[in-house]
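> One structure, as structure tokens, below. Some questions next.
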Amino acid sequence: MMLSIKNLKAEVEGKEILKGLNLEVGAGEVHAIMGPNGSGKSTLAHVLAGREGYEVTSGEATMDGQDLIGLEPEERAALGVFLAFQYPVELPGVNNTHFLKEALNAQRKARGEPELDSVAFLKLIREKLALVSMKPELLKRPVNAGFSGGEKKRNEILQMALLEPRLAILDETDSGLDIDALKTVSDGVNALRSPERSIILVTHYQRLLDYIQPDFVHVLAGGRIVRSGDKTLAKELEEKGYGWLTGQDEAA
Amino acid sequence: MSSSNKQMDALVAKGYEHGFVTDIETDVIPPGLNEDVIRFISARKNEPEWVLEYRLKAYRHWLTMTPPHWSSVHYPAIDFQAISYFAAPTKKPQLDSLDQVDPELLRTYEKLGIPLEEQKALSGVAVDAVFDSVSVATTFRQNLADAGVIFCSISEAAQEHPDLLREYLGSVVPHTDNFYAALNAAVFTDGTFVYIPKGVRCPMELSTYFRINAQNTGQFERTLIVAEEGSHVSYLEGCTAPQRDENQLHAAVVELIAMQDAQIKYSTVQNWYPGDEQGRGGIYNFVTKRGDCRGARSKISWTQVETGSAITWKYPSCLLRGDDSVGEFYSVAVTKGRQQADTGTKMIHIGRNTTSTVVSKGISAGGGQQAYRGLVRMSQRAENARNHTQCDSLLIGDRCAAHTFPYIEVKNPTAKVEHEATTSKIGEDQLFYCRSRGLSEENAVSLIVNGFCKEIFNELPMEFAVEAQKLLAISLEGAVG
């Protein structure tokens, strides 16, 4: 298994959020993780990326057999873990191109690959830009600063295209996007599907799955996966809500 | 505490890289200050009688003054009788060639990463190196002389250009100006004199590296730059200092004079020893810097990157006397550990249509304390004068602090004054975002800080900007906790 999560428990500020989560993701697979608000979807995404304050208390998460939990966020990134943020962070004054180049080269360096010089990098980034239909001007601006919601999400997908992760976790990438932006972003993600790349889509709504077809759908509730199925499960959720799975009314 | 925080703490504890001591015999007089000491200094420097009189007048005035305490910096009272007021390298070399410079001294420069030879060969920068109060190397003198530019130590100016020195010395910062300026006027040991004749564009960037070396020796440098009508000059000042146990007082005076249509750009990168983790032994940097835009359409621009010193207390200022004259102040100040800074500028608008721009970026990390203090004064005559002040603070961690004290006095109704201030923190979310893309925490901090300071670095001459970025990265290594 590419990603294997076994009985994972994690807490945030002393409160247990993930209560024994199991998930297996094979290479090249796209898994959607759905669930009501507060079920632990974003916590799972942040735990996998290694955010401070998300304390794993027991269980394990491995990628190709290698433990992830003990690694720093940048070490996970170099291994190929990528988190597309629900709310991409603004870095005022930090040039977007410079940021992307530094990030890519930091990862290459950590993997023992040669760093790209400016010429090679600019060539590469231009190819990737086309993939996400981003205006080249955005490369000259500070990272995410003053970007619209759609531009921020596209910038995340641009980073994913550039960094070529083996495991991409997209945290509520559809939130705050109008239908055109959603389509562009989804096209970008679809273009990045490959047998070597696994994708986890964390989403509250079925809508995203109209554009990115998952191989598997899981429902996360109360810190555990309570139901798994194929994409028809998402349709079912849309009709019935989450209440029938969690035994309560859906939290809005 | 995560392992990354522990790593950060270890880096915070990292020693001062430039803390080494050069073993050059210095000729130091015993600590203490009285008229005999001043006469000794003056005699050792072979000064004309009027300089001695100037010193004594300043000293007598200083005796009537008390140290100021209005800033937000805190330090134990300074015992001025415990300071030695003169130190000069005893092996005084010839001035016409680097070969004759004490090799020990040259090695010092190399350790600092500022080899004179390379400076000469590669960058075309003329370097007047001030080392423990006496100039030991002057280069490119001839090129400058051909252009009519005078670039020499104050001591030499007293010998060779006494009339110029007499006309301008103390004309911007009078000996009565403040406690430390009076002290400096009494005991200044050396410094730099620059004179750019009418219409001359100085053919190279002028650069002086100061280095405080002898233990317990106060440094009282004096810099005087005169730009005659229509002339241009860019002057770079950069400093590092060796590690010390006792506080070293540095009370310099810098005077700039720009005549009609003249422009002076004065850039500083300051990296003096900030003290150990307890704040012991760092430099006290109490400097008076003032530029006088005497002529119409003249321009004076101060750019500073301040990362060192235990205490930085200074306000490079502009007197905008000429109509349409322009004053600028661009500053990056970093305080971490126990460092304190109270810095800013004064823009005094006297002439009509005068404009000033102030961009101040303060970065505080660890227990660093920082205040921006800026005065903008629009006098009665200052028709249509304009000022724009932007003052941004960046906090790293939650033990540091930043304060902003703007003073605005407007006596002319047509004058416009704008003041903007922001305070931000390097957020945990920003760091995690960068790290999740593969950047180390250190690189992330450096990236964010350099982004924050970009406007200022853009004002620095190229080589200096590179040096400043490096310095900032070194200063902030491990600043996140």
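Just remember, in the structure tokens the first chain shown is A, the second B, etc., residues are 1-based per chain, and ligands are 1-based in the order shown.
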Using only C-alpha atoms, what does the table of chain B residues within 9 Å of chain A look like, with each row giving the shortest atom pair and its distance in Å to one decimal, sorted by chain and ascending number, as CSV?

```
residue,atom,partner,partner_atom,distance
B:Ser2,CA,A:Glu52,CA,7.7
B:Ser3,CA,A:Glu72,CA,8.7
B:Ser4,CA,A:Glu72,CA,7.8
B:Glu428,CA,A:Glu52,CA,8.6
B:Asp429,CA,A:Val89,CA,6.9
B:Gln430,CA,A:Val89,CA,6.0
B:Phe432,CA,A:Arg51,CA,6.5
B:Tyr433,CA,A:Val89,CA,6.6
B:Cys434,CA,A:Ala103,CA,7.7
B:Arg435,CA,A:Glu74,CA,4.8
B:Ser436,CA,A:Pro73,CA,5.2
B:Arg437,CA,A:Ala103,CA,5.6
B:Gly438,CA,A:Glu74,CA,4.1
B:Leu439,CA,A:Ala103,CA,5.7
B:Ser440,CA,A:Glu74,CA,6.1
B:Glu441,CA,A:Glu74,CA,8.4
B:Asn443,CA,A:Glu102,CA,8.9
B:Leu447,CA,A:Val94,CA,6.7
B:Ile448,CA,A:Val94,CA,6.3
B:Val449,CA,A:Gly93,CA,8.6
B:Asn450,CA,A:Val94,CA,7.5
B:Gly451,CA,A:Gly93,CA,3.9
B:Phe452,CA,A:Gly93,CA,5.5
B:Cys453,CA,A:Gly93,CA,7.9
B:Lys454,CA,A:Gly93,CA,6.8
B:Glu455,CA,A:Gly93,CA,8.8
```
> Which residues come within 6 Å of A:Gly28, counting only C-alpha atoms, excluding same-chain residues fewer than 2 positions away, as an NGL selection string?
:A and (194-198)
> With C-alpha atoms kept, could you save the residues just selected as a compact mmCIF listing (two decimals), in the first residue's frame?

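What ended up in part26.txt:
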```txt
# COMPACT_ATOMS: atom_id res chain seq x y z
CA SER A 194 -1.27 9.25 -12.63
CA PRO A 195 -0.56 5.65 -11.65
CA GLU A 196 2.24 6.91 -9.41
CA ARG A 197 0.20 9.54 -7.64
CA SER A 198 -2.43 8.92 -5.00
```
> Quick one: residues within 8 Å of A:Thr43, only C-alpha atoms counted, chain neighbours fewer than 5 positions away excluded, as a list in words?
Ile17, Leu18 and Tyr54 of chain A
> Kindly give the distance, in Å, that separates atom CA of A:Val189 and atom CA of A:Met1, rounded to a single decimal.
21.7 Å
> For atom CA of A:Thr203 and atom CA of A:Ser175, determine how far apart the two atoms are, in Å to one decimal place.
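Those two atoms sit 8.2 Å apart.
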> Show which residues sit within 6 Å of stretch 214-220 of chain A, as an mmCIF file with all heavy atoms, in the first residue's frame. Count only C-alpha atoms, and ignore same-chain residues fewer than 2 positions away.

```cif
data_model
loop_
_atom_site.group_PDB
_atom_site.id
_atom_site.type_symbol
_atom_site.label_atom_id
_atom_site.label_comp_id
_atom_site.auth_asym_id
_atom_site.auth_seq_id
_atom_site.Cartn_x
_atom_site.Cartn_y
_atom_site.Cartn_z
ATOM 1 N N VAL A 30 -7.692 7.457 -6.247
ATOM 2 C CA VAL A 30 -8.261 8.700 -5.741
ATOM 3 C C VAL A 30 -9.330 8.349 -4.715
ATOM 4 O O VAL A 30 -10.297 7.640 -5.027
ATOM 5 C CB VAL A 30 -8.875 9.554 -6.878
ATOM 6 C CG1 VAL A 30 -9.545 10.799 -6.309
ATOM 7 C CG2 VAL A 30 -7.798 9.939 -7.891
ATOM 8 N N HIS A 31 -9.104 8.802 -3.490
ATOM 9 C CA HIS A 31 -10.054 8.535 -2.415
ATOM 10 C C HIS A 31 -10.698 9.841 -1.978
ATOM 11 O O HIS A 31 -10.002 10.826 -1.751
ATOM 12 C CB HIS A 31 -9.332 7.931 -1.198
ATOM 13 C CG HIS A 31 -8.860 6.527 -1.430
ATOM 14 N ND1 HIS A 31 -9.263 5.475 -0.646
ATOM 15 C CD2 HIS A 31 -8.025 6.000 -2.364
ATOM 16 C CE1 HIS A 31 -8.685 4.351 -1.086
ATOM 17 N NE2 HIS A 31 -7.923 4.655 -2.118
ATOM 18 N N ALA A 32 -12.015 9.833 -1.872
ATOM 19 C CA ALA A 32 -12.708 10.995 -1.325
ATOM 20 C C ALA A 32 -13.056 10.700 0.122
ATOM 21 O O ALA A 32 -13.521 9.610 0.447
ATOM 22 C CB ALA A 32 -13.965 11.280 -2.127
ATOM 23 N N ILE A 33 -12.769 11.695 0.971
ATOM 24 C CA ILE A 33 -13.159 11.556 2.374
ATOM 25 C C ILE A 33 -14.210 12.611 2.656
ATOM 26 O O ILE A 33 -13.968 13.812 2.531
ATOM 27 C CB ILE A 33 -11.958 11.718 3.308
ATOM 28 C CG1 ILE A 33 -10.958 10.628 2.941
ATOM 29 C CG2 ILE A 33 -12.403 11.664 4.764
ATOM 30 C CD1 ILE A 33 -10.014 10.208 3.980
ATOM 31 N N MET A 34 -15.399 12.134 2.959
ATOM 32 C CA MET A 34 -16.509 13.048 3.178
ATOM 33 C C MET A 34 -16.957 12.911 4.623
ATOM 34 O O MET A 34 -16.554 12.007 5.332
ATOM 35 C CB MET A 34 -17.651 12.705 2.213
ATOM 36 C CG MET A 34 -17.201 12.720 0.757
ATOM 37 S SD MET A 34 -18.545 12.475 -0.405
ATOM 38 C CE MET A 34 -19.470 13.990 -0.168
ATOM 39 N N GLY A 35 -17.801 13.844 5.014
ATOM 40 C CA GLY A 35 -18.290 13.747 6.376
ATOM 41 C C GLY A 35 -18.788 15.086 6.849
ATOM 42 O O GLY A 35 -18.455 16.118 6.271
ATOM 43 N N ARG A 224 -13.807 8.402 13.035
ATOM 44 C CA ARG A 224 -13.558 7.086 12.424
ATOM 45 C C ARG A 224 -14.192 7.055 11.046
ATOM 46 O O ARG A 224 -15.135 7.785 10.767
ATOM 47 C CB ARG A 224 -14.224 5.985 13.254
ATOM 48 C CG ARG A 224 -13.552 5.679 14.562
ATOM 49 C CD ARG A 224 -14.158 4.407 15.173
ATOM 50 N NE ARG A 224 -13.826 4.343 16.588
ATOM 51 C CZ ARG A 224 -14.587 4.845 17.546
ATOM 52 N NH1 ARG A 224 -15.756 5.411 17.232
ATOM 53 N NH2 ARG A 224 -14.204 4.778 18.804
ATOM 54 N N ILE A 225 -13.670 6.167 10.202
ATOM 55 C CA ILE A 225 -14.339 5.916 8.930
ATOM 56 C C ILE A 225 -15.535 4.998 9.228
ATOM 57 O O ILE A 225 -15.357 3.880 9.723
ATOM 58 C CB ILE A 225 -13.393 5.216 7.931
ATOM 59 C CG1 ILE A 225 -12.120 6.044 7.743
ATOM 60 C CG2 ILE A 225 -14.115 4.898 6.623
ATOM 61 C CD1 ILE A 225 -12.051 6.966 6.604
ATOM 62 N N VAL A 226 -16.735 5.497 8.938
ATOM 63 C CA VAL A 226 -17.909 4.698 9.289
ATOM 64 C C VAL A 226 -18.513 3.984 8.082
ATOM 65 O O VAL A 226 -19.343 3.089 8.227
ATOM 66 C CB VAL A 226 -19.000 5.556 9.971
ATOM 67 C CG1 VAL A 226 -18.496 6.064 11.325
ATOM 68 C CG2 VAL A 226 -19.420 6.721 9.091
ATOM 69 N N ARG A 227 -18.136 4.368 6.902
ATOM 70 C CA ARG A 227 -18.664 3.697 5.730
ATOM 71 C C ARG A 227 -17.711 3.921 4.565
ATOM 72 O O ARG A 227 -17.174 5.007 4.405
ATOM 73 C CB ARG A 227 -20.046 4.284 5.388
ATOM 74 C CG ARG A 227 -20.727 3.707 4.137
ATOM 75 C CD ARG A 227 -21.234 2.277 4.324
ATOM 76 N NE ARG A 227 -22.331 2.203 5.268
ATOM 77 C CZ ARG A 227 -23.626 2.067 4.920
ATOM 78 N NH1 ARG A 227 -23.952 1.958 3.652
ATOM 79 N NH2 ARG A 227 -24.571 2.018 5.842
ATOM 80 N N SER A 228 -17.451 2.916 3.777
ATOM 81 C CA SER A 228 -16.639 3.068 2.574
ATOM 82 C C SER A 228 -17.384 2.470 1.406
ATOM 83 O O SER A 228 -18.155 1.524 1.569
ATOM 84 C CB SER A 228 -15.296 2.359 2.726
ATOM 85 O OG SER A 228 -14.536 2.943 3.764
ATOM 86 N N GLY A 229 -17.153 3.032 0.236
ATOM 87 C CA GLY A 229 -17.821 2.505 -0.943
ATOM 88 C C GLY A 229 -17.226 3.105 -2.185
ATOM 89 O O GLY A 229 -16.140 3.685 -2.146
ATOM 90 N N ASP A 230 -17.922 2.948 -3.310
ATOM 91 C CA ASP A 230 -17.427 3.595 -4.522
ATOM 92 C C ASP A 230 -18.160 4.924 -4.690
ATOM 93 O O ASP A 230 -18.829 5.395 -3.777
ATOM 94 C CB ASP A 230 -17.569 2.679 -5.735
ATOM 95 C CG ASP A 230 -19.022 2.299 -5.983
ATOM 96 O OD1 ASP A 230 -19.920 2.977 -5.407
ATOM 97 O OD2 ASP A 230 -19.268 1.337 -6.725
ATOM 98 N N LYS A 231 -18.086 5.496 -5.884
ATOM 99 C CA LYS A 231 -18.611 6.867 -6.025
ATOM 100 C C LYS A 231 -20.124 6.946 -5.846
ATOM 101 O O LYS A 231 -20.675 8.030 -5.628
ATOM 102 C CB LYS A 231 -18.177 7.456 -7.368
ATOM 103 C CG LYS A 231 -18.722 6.740 -8.571
ATOM 104 C CD LYS A 231 -18.064 7.269 -9.836
ATOM 105 C CE LYS A 231 -18.540 6.441 -11.023
ATOM 106 N NZ LYS A 231 -17.688 6.581 -12.193
#
```
> Go through B:Pro174, B:Gly191, B:Pro197, B:Pro31 and flag the residue nearest B:Ala147, using only C-alpha atoms for the distances.
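Comparing B:Pro174, B:Gly191, B:Pro197, B:Pro31 against B:Ala147, the winner is B:Pro197.
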> Need to verify the contact set: B:Gln159, 9 Å, only C-alpha atoms, exclusion of same-chain residues closer than 6 positions in sequence. Can you return it as number ranges by chain?
B: 46-48
> What separation in Å, quoted to one decimal, exists between atom CA of B:Lys314 and atom CA of B:Leu236?
17.3 Å
> Counting only C-alpha atoms, figure out which residue out of B:Cys400, B:Ile456, B:Leu476, B:Leu394 gets nearest to B:Val358.
B:Ile456
> As a list of chain:residue names, please: every residue in stretch 105-239 of chain A that DSSP puts in strand (DSSP E).
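Taking stretch 105-239 of chain A and keeping strand (DSSP E) gives A:Pro142, A:Val143, A:Leu167, A:Ala168, A:Ile169, A:Leu170, A:Asp171, A:Ser198, A:Ile199, A:Ile200, A:Leu201, A:Val202, A:Phe216, A:Val217, A:His218, A:Val219, A:Leu220, A:Ala221, A:Arg224, A:Ile225, A:Val226, A:Arg227, A:Ser228, A:Gly229.
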> Neighbours of B:His175 within 9 Å (only C-alpha atoms; same-chain residues fewer than 3 positions away dropped), as a ChimeraX atom specification?
/B:54-55,57-59,61-62,170-171,178-179,181-186
> Could you write out the selected residues, including N, CA and C atoms, as a PDB file, in the first residue's frame?

```pdb
ATOM      1  N   TYR B  54      38.065  73.696  20.097  1.00  0.00           N
ATOM      2  CA  TYR B  54      36.725  73.164  19.836  1.00  0.00           C
ATOM      3  C   TYR B  54      36.419  72.018  20.806  1.00  0.00           C
ATOM      4  N   ARG B  55      37.416  71.147  20.979  1.00  0.00           N
ATOM      5  CA  ARG B  55      37.238  70.010  21.892  1.00  0.00           C
ATOM      6  C   ARG B  55      37.000  70.482  23.325  1.00  0.00           C
ATOM      7  N   LYS B  57      35.948  73.355  24.406  1.00  0.00           N
ATOM      8  CA  LYS B  57      34.665  74.059  24.527  1.00  0.00           C
ATOM      9  C   LYS B  57      33.535  73.021  24.689  1.00  0.00           C
ATOM     10  N   ALA B  58      33.618  71.964  23.855  1.00  0.00           N
ATOM     11  CA  ALA B  58      32.601  70.912  23.919  1.00  0.00           C
ATOM     12  C   ALA B  58      32.655  70.198  25.264  1.00  0.00           C
ATOM     13  N   TYR B  59      33.893  69.921  25.707  1.00  0.00           N
ATOM     14  CA  TYR B  59      34.057  69.217  26.979  1.00  0.00           C
ATOM     15  C   TYR B  59      33.462  70.027  28.133  1.00  0.00           C
ATOM     16  N   HIS B  61      31.178  72.211  27.972  1.00  0.00           N
ATOM     17  CA  HIS B  61      29.715  72.199  27.872  1.00  0.00           C
ATOM     18  C   HIS B  61      29.156  70.854  28.352  1.00  0.00           C
ATOM     19  N   TRP B  62      29.848  69.791  27.953  1.00  0.00           N
ATOM     20  CA  TRP B  62      29.410  68.433  28.332  1.00  0.00           C
ATOM     21  C   TRP B  62      29.323  68.290  29.851  1.00  0.00           C
ATOM     22  N   GLY B 170      30.775  70.479  12.979  1.00  0.00           N
ATOM     23  CA  GLY B 170      29.842  70.952  14.005  1.00  0.00           C
ATOM     24  C   GLY B 170      28.776  71.896  13.484  1.00  0.00           C
ATOM     25  N   SER B 171      28.707  72.052  12.162  1.00  0.00           N
ATOM     26  CA  SER B 171      27.727  73.004  11.625  1.00  0.00           C
ATOM     27  C   SER B 171      26.348  72.381  11.473  1.00  0.00           C
ATOM     28  N   ASN B 178      23.466  67.520  22.017  1.00  0.00           N
ATOM     29  CA  ASN B 178      22.994  66.576  23.037  1.00  0.00           C
ATOM     30  C   ASN B 178      24.202  66.026  23.783  1.00  0.00           C
ATOM     31  N   PHE B 179      23.924  65.318  24.831  1.00  0.00           N
ATOM     32  CA  PHE B 179      24.964  64.814  25.727  1.00  0.00           C
ATOM     33  C   PHE B 179      26.062  64.054  24.985  1.00  0.00           C
ATOM     34  N   ALA B 181      26.619  63.908  21.693  1.00  0.00           N
ATOM     35  CA  ALA B 181      27.253  64.702  20.641  1.00  0.00           C
ATOM     36  C   ALA B 181      28.314  65.614  21.261  1.00  0.00           C
ATOM     37  N   ALA B 182      28.035  66.135  22.455  1.00  0.00           N
ATOM     38  CA  ALA B 182      29.011  66.987  23.141  1.00  0.00           C
ATOM     39  C   ALA B 182      30.238  66.161  23.515  1.00  0.00           C
ATOM     40  N   LEU B 183      29.992  64.949  24.025  1.00  0.00           N
ATOM     41  CA  LEU B 183      31.099  64.064  24.391  1.00  0.00           C
ATOM     42  C   LEU B 183      31.947  63.745  23.168  1.00  0.00           C
ATOM     43  N   ASN B 184      31.253  63.443  22.071  1.00  0.00           N
ATOM     44  CA  ASN B 184      31.976  63.130  20.842  1.00  0.00           C
ATOM     45  C   ASN B 184      32.842  64.306  20.404  1.00  0.00           C
ATOM     46  N   ALA B 185      32.266  65.507  20.442  1.00  0.00           N
ATOM     47  CA  ALA B 185      33.004  66.691  19.999  1.00  0.00           C
ATOM     48  C   ALA B 185      34.255  66.891  20.855  1.00  0.00           C
ATOM     49  N   ALA B 186      34.173  66.486  22.121  1.00  0.00           N
ATOM     50  CA  ALA B 186      35.321  66.652  23.011  1.00  0.00           C
ATOM     51  C   ALA B 186      36.411  65.625  22.732  1.00  0.00           C
TER      52      ALA B 186
END
```
> Please provide as an mmCIF file with N, CA and C atoms, in the first residue's frame all residues within 6 Å of stretch 338-346 of chain B, with the sequence filter that same-chain residues fewer than 5 positions apart are discarded (counting only C-alpha atoms).

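What landed in out-v3.cif:
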```
data_model
loop_
_atom_site.group_PDB
_atom_site.id
_atom_site.type_symbol
_atom_site.label_atom_id
_atom_site.label_comp_id
_atom_site.auth_asym_id
_atom_site.auth_seq_id
_atom_site.Cartn_x
_atom_site.Cartn_y
_atom_site.Cartn_z
ATOM 1 N N GLY B 279 22.751 39.245 27.639
ATOM 2 C CA GLY B 279 22.828 40.639 27.211
ATOM 3 C C GLY B 279 24.114 41.319 27.668
ATOM 4 N N ALA B 310 23.903 45.844 21.590
ATOM 5 C CA ALA B 310 22.997 45.545 22.689
ATOM 6 C C ALA B 310 21.891 46.593 22.710
ATOM 7 N N ILE B 311 22.302 47.849 22.494
ATOM 8 C CA ILE B 311 21.333 48.940 22.474
ATOM 9 C C ILE B 311 21.606 49.825 21.265
ATOM 10 N N THR B 312 20.593 50.042 20.492
ATOM 11 C CA THR B 312 20.705 50.974 19.377
ATOM 12 C C THR B 312 19.792 52.152 19.679
ATOM 13 N N TRP B 313 20.380 53.333 19.626
ATOM 14 C CA TRP B 313 19.604 54.514 20.002
ATOM 15 C C TRP B 313 20.008 55.610 19.035
ATOM 16 N N LYS B 314 19.265 55.780 17.965
ATOM 17 C CA LYS B 314 19.678 56.782 16.988
ATOM 18 C C LYS B 314 18.563 57.157 16.034
ATOM 19 N N TYR B 315 18.665 58.342 15.531
ATOM 20 C CA TYR B 315 17.625 58.897 14.658
ATOM 21 C C TYR B 315 18.256 59.682 13.516
ATOM 22 N N PRO B 316 18.713 58.985 12.478
ATOM 23 C CA PRO B 316 19.279 59.727 11.342
ATOM 24 C C PRO B 316 18.208 60.693 10.804
ATOM 25 N N SER B 317 18.569 61.954 10.724
ATOM 26 C CA SER B 317 17.563 62.976 10.481
ATOM 27 C C SER B 317 17.903 63.836 9.276
ATOM 28 N N GLY B 367 13.514 37.949 23.038
ATOM 29 C CA GLY B 367 13.061 38.967 23.982
ATOM 30 C C GLY B 367 13.368 40.361 23.473
ATOM 31 N N GLY B 368 13.572 40.521 22.186
ATOM 32 C CA GLY B 368 13.950 41.811 21.613
ATOM 33 C C GLY B 368 12.902 42.884 21.840
ATOM 34 N N GLN B 369 13.388 44.073 22.153
ATOM 35 C CA GLN B 369 12.499 45.203 22.412
ATOM 36 C C GLN B 369 12.813 46.294 21.412
ATOM 37 N N GLN B 370 11.800 46.825 20.789
ATOM 38 C CA GLN B 370 12.063 47.784 19.754
ATOM 39 C C GLN B 370 11.036 48.902 19.738
ATOM 40 N N ALA B 371 11.525 50.115 19.517
ATOM 41 C CA ALA B 371 10.614 51.244 19.372
ATOM 42 C C ALA B 371 10.989 52.020 18.125
ATOM 43 N N TYR B 372 9.986 52.376 17.341
ATOM 44 C CA TYR B 372 10.182 53.356 16.276
ATOM 45 C C TYR B 372 9.752 54.690 16.845
ATOM 46 N N ARG B 373 10.640 55.680 16.752
ATOM 47 C CA ARG B 373 10.313 57.009 17.246
ATOM 48 C C ARG B 373 10.625 57.978 16.111
ATOM 49 N N GLY B 374 9.624 58.622 15.610
ATOM 50 C CA GLY B 374 9.852 59.483 14.456
ATOM 51 C C GLY B 374 9.171 60.823 14.614
ATOM 52 N N LEU B 375 9.930 61.870 14.276
ATOM 53 C CA LEU B 375 9.361 63.218 14.323
ATOM 54 C C LEU B 375 9.217 63.753 12.906
ATOM 55 N N VAL B 376 8.049 64.274 12.592
ATOM 56 C CA VAL B 376 7.876 65.020 11.350
ATOM 57 C C VAL B 376 7.424 66.414 11.748
#
```
> Can you list, as a count of residues only, all residues belonging to stretch 35-230 of chain A that DSSP tags as helix (DSSP H, G or I)?
82
> Pick the closest to B:Ser42 from B:Ser72, B:Phe151, B:Asp190, B:Asp177: which is it, counting only C-alpha atoms?
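Answer, going by the shortest atom-to-atom distance: B:Asp190.
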